[in-house]
$ cat input.cif   # mmCIF, C-alpha atoms
data_model
#
loop_
_atom_site.label_atom_id
_atom_site.label_comp_id
_atom_site.auth_asym_id
_atom_site.auth_seq_id
_atom_site.Cartn_x
_atom_site.Cartn_y
_atom_site.Cartn_z
CA MET I 1 -20.96 11.20 -32.21
CA ILE I 2 -19.77 12.87 -28.99
CA LEU I 3 -16.21 11.67 -29.64
CA GLN I 4 -16.29 13.02 -33.18
CA LEU I 5 -17.45 16.43 -31.94
CA ALA I 6 -14.75 16.49 -29.25
CA VAL I 7 -11.82 15.84 -31.59
CA GLN I 8 -13.18 18.44 -34.01
CA GLY I 9 -13.34 21.05 -31.24
CA LYS I 10 -17.13 21.29 -31.48
CA LEU I 11 -18.17 19.76 -28.18
CA VAL I 12 -17.50 22.87 -26.10
CA PRO I 13 -17.43 26.55 -27.13
CA GLN I 14 -14.08 27.64 -28.58
CA ASP I 15 -12.50 31.01 -27.86
CA GLU I 16 -10.36 32.20 -30.76
CA ASN I 17 -8.56 34.48 -28.31
CA ASP I 18 -7.08 31.40 -26.64
CA GLU I 19 -3.37 30.94 -27.13
CA SER I 20 -2.69 28.97 -30.32
CA ALA I 21 -1.85 25.29 -30.11
CA SER I 22 1.34 26.13 -32.03
CA VAL I 23 2.61 27.72 -28.79
CA LEU I 24 2.04 24.46 -26.93
CA LEU I 25 3.76 22.55 -29.73
CA GLY I 26 6.76 24.85 -29.39
CA ARG I 27 6.98 24.10 -25.67
CA ILE I 28 6.83 20.37 -26.33
CA LYS I 29 9.59 20.58 -28.95
CA ALA I 30 11.79 22.67 -26.66
CA GLU I 31 11.39 20.18 -23.83
CA ARG I 32 12.26 17.27 -26.10
CA GLU I 33 15.34 19.09 -27.47
CA LYS I 34 16.70 19.55 -23.95
CA PHE I 35 16.67 15.80 -23.41
CA VAL I 36 18.32 15.15 -26.77
CA ALA I 37 21.05 17.72 -26.04
CA ALA I 38 21.69 16.08 -22.67
CA GLY I 39 22.05 12.68 -24.31
CA LEU I 40 18.94 11.38 -22.58
CA ALA I 41 17.03 10.65 -25.78
CA LYS I 42 17.75 10.03 -29.44
CA LYS I 43 16.87 12.70 -31.95
CA GLN I 44 13.54 11.82 -33.48
CA LYS I 45 13.32 11.21 -37.21
CA ASP I 46 11.61 14.00 -39.12
CA LEU I 47 7.92 13.35 -39.60
CA LEU I 48 6.00 14.49 -42.65
CA PRO I 49 3.66 17.47 -42.13
CA VAL I 50 -0.07 16.81 -42.13
CA ASN I 51 -1.07 18.14 -45.55
CA ASP I 52 -4.36 16.28 -45.93
CA ALA I 53 -6.27 17.05 -42.74
CA PRO I 54 -8.71 14.25 -41.82
CA HIS I 55 -11.32 16.82 -40.76
CA THR I 56 -11.72 20.48 -39.88
CA ILE I 57 -10.58 21.86 -36.53
CA PRO I 58 -10.81 25.31 -34.90
CA ARG I 59 -8.43 27.97 -36.22
CA ASN I 60 -6.25 27.97 -33.10
CA TRP I 61 -5.76 24.18 -33.14
CA VAL I 62 -3.00 22.59 -35.24
CA TRP I 63 -2.51 19.25 -36.95
CA VAL I 64 0.61 17.37 -35.84
CA ARG I 65 1.98 13.86 -36.08
CA LEU I 66 1.47 11.97 -32.84
CA GLY I 67 5.21 11.32 -32.65
CA GLU I 68 5.72 15.05 -32.16
CA VAL I 69 3.83 15.10 -28.87
CA GLN I 70 4.46 11.70 -27.31
CA ASP I 71 7.18 9.22 -26.46
CA PHE I 72 7.12 5.42 -26.25
CA VAL I 73 8.49 3.06 -23.65
CA ASN I 74 8.96 -0.46 -24.99
CA GLY I 75 8.26 -3.39 -22.68
CA PHE I 76 10.93 -5.70 -21.29
CA ALA I 77 11.34 -9.34 -22.38
CA PHE I 78 10.62 -11.19 -19.15
CA LYS I 79 11.18 -14.95 -19.25
CA SER I 80 8.39 -17.28 -18.15
CA GLN I 81 10.74 -19.11 -15.79
CA GLU I 82 11.10 -15.84 -13.87
CA TYR I 83 7.40 -15.77 -12.98
CA THR I 84 6.41 -16.12 -9.33
CA ASP I 85 3.12 -16.53 -7.46
CA GLN I 86 3.38 -13.06 -6.00
CA GLY I 87 5.46 -9.92 -6.32
CA ILE I 88 5.17 -7.23 -9.00
CA GLY I 89 2.59 -7.79 -11.72
CA ILE I 90 3.71 -7.54 -15.35
CA VAL I 91 1.37 -6.11 -17.98
CA ARG I 92 1.12 -8.49 -20.95
CA ILE I 93 -0.87 -7.95 -24.13
CA GLY I 94 -3.74 -10.11 -22.87
CA ASP I 95 -4.06 -8.03 -19.71
CA ILE I 96 -5.38 -5.00 -21.60
CA GLN I 97 -9.15 -5.38 -21.57
CA ASN I 98 -12.09 -2.96 -21.71
CA GLY I 99 -9.94 0.15 -21.54
CA GLU I 100 -7.99 -0.87 -18.45
CA ILE I 101 -5.51 -3.38 -17.07
CA ASP I 102 -7.21 -6.65 -16.12
CA THR I 103 -5.32 -8.44 -13.33
CA SER I 104 -7.36 -11.66 -13.34
CA GLY I 105 -4.72 -13.58 -15.33
CA MET I 106 -1.70 -11.47 -14.43
CA LYS I 107 1.75 -12.99 -13.96
CA TYR I 108 4.27 -11.77 -11.39
CA VAL I 109 8.02 -11.36 -10.97
CA PRO I 110 10.04 -10.84 -7.76
CA LYS I 111 9.84 -7.37 -6.20
CA ASP I 112 13.58 -6.81 -6.56
CA TYR I 113 12.96 -6.29 -10.29
CA LEU I 114 11.79 -2.79 -9.40
CA ASP I 115 15.35 -1.85 -8.46
CA ALA I 116 16.99 -3.85 -11.25
CA LEU I 117 15.02 -2.34 -14.15
CA ASP I 118 14.66 1.21 -15.39
CA VAL I 119 11.84 3.06 -13.64
CA ARG I 120 10.24 3.98 -16.97
CA LEU I 121 9.13 0.36 -17.19
CA ARG I 122 6.86 1.01 -14.23
CA VAL I 123 3.16 1.38 -14.95
CA VAL I 124 1.59 3.60 -12.30
CA LYS I 125 -1.93 4.88 -11.82
CA GLY I 126 -3.10 6.87 -14.84
CA ASP I 127 -0.52 5.46 -17.28
CA LEU I 128 -1.74 4.56 -20.78
CA VAL I 129 -0.54 1.32 -22.39
CA ILE I 130 -1.18 -0.32 -25.76
CA ALA I 131 -0.94 -3.90 -27.06
CA MET I 132 1.31 -3.94 -30.12
CA SER I 133 0.66 -7.47 -31.41
CA GLY I 134 -1.43 -10.59 -30.93
CA ALA I 135 -5.18 -11.00 -30.60
CA THR I 136 -5.51 -7.79 -28.59
CA THR I 137 -3.47 -5.63 -30.99
CA GLY I 138 -4.38 -1.97 -30.75
CA LYS I 139 -6.21 -2.22 -27.45
CA LEU I 140 -5.53 0.70 -25.15
CA GLY I 141 -5.87 0.68 -21.40
CA PHE I 142 -5.24 2.87 -18.37
CA ASN I 143 -3.91 1.68 -15.06
CA GLN I 144 -6.97 2.55 -12.97
CA SER I 145 -5.61 1.07 -9.75
CA ASP I 146 -3.15 2.27 -7.16
CA GLU I 147 -0.95 -0.76 -7.89
CA MET I 148 2.34 -0.46 -9.75
CA TYR I 149 3.15 -2.90 -12.56
CA LEU I 150 5.97 -3.52 -15.03
CA LEU I 151 5.76 -3.49 -18.85
CA ASN I 152 6.18 -6.78 -20.65
CA GLN I 153 7.41 -7.08 -24.25
CA ARG I 154 4.91 -6.24 -27.02
CA VAL I 155 3.22 -3.78 -24.66
CA GLU I 156 4.19 -0.12 -24.89
CA LYS I 157 3.56 2.79 -22.58
CA ILE I 158 2.53 6.02 -24.27
CA ILE I 159 3.91 9.12 -22.55
CA LEU I 160 1.94 12.12 -23.77
CA LEU I 161 3.85 15.37 -23.41
CA LEU I 162 1.48 18.02 -22.00
CA ILE I 163 -1.52 16.35 -23.64
CA ASP I 164 -4.69 15.15 -21.91
CA PRO I 165 -4.35 11.33 -22.05
CA GLN I 166 -8.12 10.73 -22.14
CA PHE I 167 -8.54 12.98 -25.18
CA ALA I 168 -5.62 11.28 -26.93
CA CYS I 169 -6.89 7.80 -26.04
CA TYR I 170 -10.35 8.43 -27.51
CA TYR I 171 -8.83 9.70 -30.75
CA LEU I 172 -6.28 6.90 -30.97
CA LYS I 173 -8.90 4.17 -30.67
CA THR I 174 -10.35 5.13 -34.03
CA LYS I 175 -7.08 5.82 -35.81
CA ILE I 176 -5.40 2.61 -34.64
CA GLN I 177 -8.29 0.55 -35.95
CA GLU I 178 -7.82 2.26 -39.32
CA ASN I 179 -4.16 1.22 -39.32
CA LEU I 180 -5.12 -2.36 -38.48
CA ARG I 181 -7.62 -2.49 -41.34
CA ILE I 182 -4.91 -1.35 -43.74
CA SER I 183 -2.64 -4.21 -42.62
CA ALA I 184 -5.47 -6.73 -42.35
CA GLY I 185 -3.79 -9.05 -44.84
CA SER I 186 -1.09 -10.13 -42.39
CA ALA I 187 -1.55 -13.45 -40.57
CA ILE I 188 -0.78 -11.91 -37.17
CA PRO I 189 -2.03 -8.35 -36.61
CA ASN I 190 0.60 -6.00 -35.26
CA LEU I 191 1.39 -2.34 -34.89
CA SER I 192 4.73 -0.61 -35.15
CA THR I 193 5.98 2.47 -33.35
CA GLU I 194 6.37 4.13 -36.76
CA GLN I 195 2.69 3.63 -37.58
CA ILE I 196 1.56 5.26 -34.36
CA ASN I 197 4.08 8.10 -34.59
CA ASN I 198 2.71 9.00 -38.03
CA ILE I 199 -0.93 9.26 -36.98
CA ALA I 200 -2.29 12.76 -37.65
CA PHE I 201 -3.38 14.28 -34.34
CA PRO I 202 -5.51 17.42 -33.72
CA LEU I 203 -3.64 19.41 -31.06
CA PRO I 204 -5.85 21.77 -29.00
CA PRO I 205 -4.51 25.04 -27.56
CA PRO I 206 -2.98 25.01 -24.05
CA ARG I 207 -6.14 26.12 -22.25
CA ARG I 208 -8.04 23.21 -23.84
CA THR I 209 -5.38 20.68 -22.96
CA LYS I 210 -4.86 19.26 -19.49
CA ALA I 211 -1.18 18.87 -18.71
CA HIS I 212 -0.44 15.20 -18.14
CA ARG I 213 1.44 15.10 -14.84
CA HIS I 214 3.20 11.77 -15.14
CA GLN I 215 3.41 10.30 -11.65
CA SER I 216 6.97 9.05 -12.05
CA ARG I 217 8.34 12.45 -13.12
CA PRO I 218 9.40 13.71 -9.68
CA THR I 219 12.01 10.95 -9.44
CA HIS I 220 12.76 10.22 -13.08
CA ASP I 221 13.12 11.92 -16.40
CA PRO I 222 10.46 10.48 -18.77
CA MET I 223 12.74 10.81 -21.79
CA ARG I 224 15.57 8.75 -20.29
CA PRO I 225 16.43 5.74 -22.48
CA THR I 226 15.42 2.47 -20.85
CA ARG I 227 17.04 -0.92 -20.62
CA SER I 228 14.07 -2.26 -22.57
CA GLN I 229 14.77 0.08 -25.47
CA ALA I 230 17.98 -1.82 -26.11
CA GLN I 231 15.84 -4.91 -26.77
CA PRO I 232 14.64 -5.54 -30.35
CA ASP I 233 11.08 -4.34 -30.84
CA PRO I 234 9.15 -7.42 -32.01
CA THR I 235 6.47 -5.23 -33.58
CA THR I 236 8.92 -3.94 -36.16
CA GLN I 237 10.56 -7.23 -37.06
#

$ encode --input "input.cif" --output "structure tokens"
Amino acid sequence: MILQLAVQGKLVPQDENDESASVLLGRIKAEREKFVAAGLAKKQKDLLPVNDAPHTIPRNWVWVRLGEVQDFVNGFAFKSQEYTDQGIGIVRIGDIQNGEIDTSGMKYVPKDYLDALDVRLRVVKGDLVIAMSGATTGKLGFNQSDEMYLLNQRVEKIILLLIDPQFACYYLKTKIQENLRISAGSAIPNLSTEQINNIAFPLPPPRRTKAHRHQSRPTHDPMRPTRSQAQPDPTTQ
């Protein structure tokens, strides 16, 4: 009930004098266009407008497709023979449990992988990841620790552009389950980047949205293409 009120903008008083969320959306689009112009990201495919709103929202909020306000980082295909007893932990689909990264069964690779792989594959404190296939499909989890990990294949990191990750995570939990129910006929549940990009998302105005200060931004551009993005995405095969 509390979650439903929050995503409808009814949990806290709304001020219609607040700057419209369309202003925030414009900032996000402008930032993304800079990266595309610099050759640091591919131009995103056009997404259909949200014509059938799932529910009502305040007048200064706007409905967008999630792909308009976030970017994905696909995990890297580590080989099991590369695993070591210690080093840098890799986040696999089974490591996402109870809204966080569970390290009890974590596998490791040598520390020199940090220098060999693109820094966007790093999972630092506060990062949000999602399992894209397997028994844990659709599970979301934050890195709650101070430890740094690396993304394994079939796990994706969601980079939310100027959006509060907690707000987005709560909303996504419900919408992802809806997508899984639609594809329940498949033998192995899986999600695709396209499915998540097309989720209708209620965007609050700037004053209601905490800017997500991604911890890797000071040393790396979050829109830079990664080595892992050259790998086939198994969730879309």

$ resolve_selection --input "input.cif" --expression "the PyMOL selection byres ((chain I and resi 197) around 8)" --output "VMD selection string"
chain I and resid 65 to 68 193 to 196 198 to 199

$ residues_around --input "input.cif" --residues "Gln153 in chain I" --least-positions-apart "6" --cutoff "7 Å" --atoms "only C-alpha atoms" --output "list of chain:residue names"
I:Asn74, I:Gly75, I:Phe76, I:Ala77

$ write_last_selection --input "input.cif" --atoms "C-alpha atoms" --output "PDB file, keeping the file's coordinate frame"
ATOM      1  CA  ASN I  74       8.960  -0.460 -24.990  1.00  0.00           C
ATOM      2  CA  GLY I  75       8.260  -3.390 -22.680  1.00  0.00           C
ATOM      3  CA  PHE I  76      10.930  -5.700 -21.290  1.00  0.00           C
ATOM      4  CA  ALA I  77      11.340  -9.340 -22.380  1.00  0.00           C
TER       5      ALA I  77
END

$ resolve_selection --input "input.cif" --expression "the PyMOL selection byres ((chain I and resi 48-51) around 7)" --output "list in words"
Asp46, Leu47, Asp52, Ala53, Trp63, Val64 and Ala200 of chain I

$ closest_residue --input "input.cif" --among "I:Glu156, I:Glu178, I:Glu19, I:Asp85" --to "Lys107 in chain I" --atoms "all atoms listed in the file"
I:Asp85

$ resolve_selection --input "input.cif" --expression "the PyMOL selection byres ((chain I and resi 140-150) around 7)" --output "PyMOL selection string"
chain I and resi 88-91+96-97+99-101+121-131+138-139+151-152

$ atom_distance --input "input.cif" --atom1 "CA of Ser20 in chain I" --atom2 "CA of Pro58 in chain I"
10.0 Å

$ atom_distance --input "input.cif" --atom1 "CA of Ala21 in chain I" --atom2 "CA of Gln70 in chain I"
15.2 Å

$ atom_distance --input "input.cif" --atom1 "CA of Pro202 in chain I" --atom2 "CA of Lys29 in chain I"
16.1 Å

$ closest_residue --input "input.cif" --among "I:Val73, I:Met132, I:Val62, I:Ile158" --to "Ser22 in chain I" --atoms "only C-alpha atoms"
I:Val62

$ closest_residue --input "input.cif" --among "I:Arg154, I:Leu161, I:Phe167, I:Phe201" --to "Gly26 in chain I" --atoms "only C-alpha atoms"
I:Leu161

$ closest_residue --input "input.cif" --among "I:Arg59, I:Glu31, I:Lys79, I:Pro189" --to "Gln177 in chain I" --atoms "all atoms listed in the file"
I:Pro189

$ residues_near_point --input "input.cif" --point "(3.2, -15.8, -17.9)" --cutoff "8 Å" --atoms "all atoms listed in the file" --output "mmCIF file with C-alpha atoms, in the frame of the given file"
data_model
loop_
_atom_site.group_PDB
_atom_site.id
_atom_site.type_symbol
_atom_site.label_atom_id
_atom_site.label_comp_id
_atom_site.auth_asym_id
_atom_site.auth_seq_id
_atom_site.Cartn_x
_atom_site.Cartn_y
_atom_site.Cartn_z
ATOM 1 C CA SER I 80 8.390 -17.280 -18.150
ATOM 2 C CA TYR I 83 7.400 -15.770 -12.980
ATOM 3 C CA MET I 106 -1.700 -11.470 -14.430
ATOM 4 C CA LYS I 107 1.750 -12.990 -13.960
ATOM 5 C CA TYR I 108 4.270 -11.770 -11.390
#

$ residues_near_point --input "input.cif" --point "(-2.4, -14.9, -17.9)" --cutoff "8 Å" --atoms "all atoms listed in the file" --output "PyMOL selection string"
chain I and resi 92+94-95+104-107

$ closest_residue --input "input.cif" --among "I:Leu203, I:Ile93, I:Val109, I:Val23" --to "Gly134 in chain I" --atoms "only C-alpha atoms"
I:Ile93
